[in-house]
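Reviewing the structure listed below.
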Amino acid sequence: METGEKKKLLTKNNQPIKAITQQDIYAAKETLEKLQSWTSALEILDKFFKHKEEPLNKKKVVKEYHASSQIFDVFFADFLTHTNILENQLEELRAREKIRS
């Protein structure tokens, strides 16, 4: 290698490696965890919408509809926000400069 020539760090497929820090990984993981935190609330909604096994109780459905719709509204807004954040984080990582040594 000649003096002053930069050597690229390559993957096993000879692709240059992007500069990704632990902080970037933690930020993406945190966003994913926020999305995953909805699991128990979504199980409640899933139960609300699955009335197949039991006869349909219209009074119960009407009573639970408002709360379920509110849970869904909050979830949907948060889901859109965090999927956009995650998409931006991934786009930023894709656009990162490749490491050169």
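Chains: A, B, ... in order of the structure tokens. Residues: from 1 per chain. Ligands: from 1, in order shown.
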
Contact table stretch 40-94 of chain A vs stretch 18-36 of chain A, cut-off 10 Å, shortest pair per residue, only C-alpha atoms, as a tab-separated table:
```
residue	atom	partner	partner_atom	distance
A:Ser40	CA	A:Gln36	CA	9.1
A:Phe75	CA	A:Leu35	CA	9.1
A:Asp78	CA	A:Leu35	CA	8.0
A:Phe79	CA	A:Leu35	CA	6.5
A:Leu80	CA	A:Leu35	CA	9.7
A:Thr81	CA	A:Leu35	CA	9.7
A:His82	CA	A:Thr31	CA	6.3
A:Thr83	CA	A:Leu35	CA	8.0
A:Asn84	CA	A:Thr31	CA	10.0
A:Ile85	CA	A:Thr31	CA	7.4
A:Leu86	CA	A:Thr31	CA	6.3
A:Glu87	CA	A:Ala28	CA	9.4
A:Asn88	CA	A:Ala28	CA	9.9
A:Gln89	CA	A:Ala28	CA	6.7
A:Leu90	CA	A:Ala28	CA	7.9
A:Glu92	CA	A:Asp24	CA	9.5
A:Leu93	CA	A:Ile20	CA	6.8
A:Arg94	CA	A:Lys18	CA	7.7
```

Can you tell me how far atom CA of A:Leu45 sits from atom CA of A:Ile71, in Å to one decimal? 7.9 Å

Please return as a ChimeraX atom specification: the residues of chain A that backbone DSSP assigns to alpha helix (DSSP H). /A:22-36,39-49,58-95

Would you please give, as a list in words, all residues of chain A that DSSP assigns to strand (DSSP E or B) based on the backbone? Lys8, Leu10, Pro16, Lys18, Lys98 and Arg100 of chain A
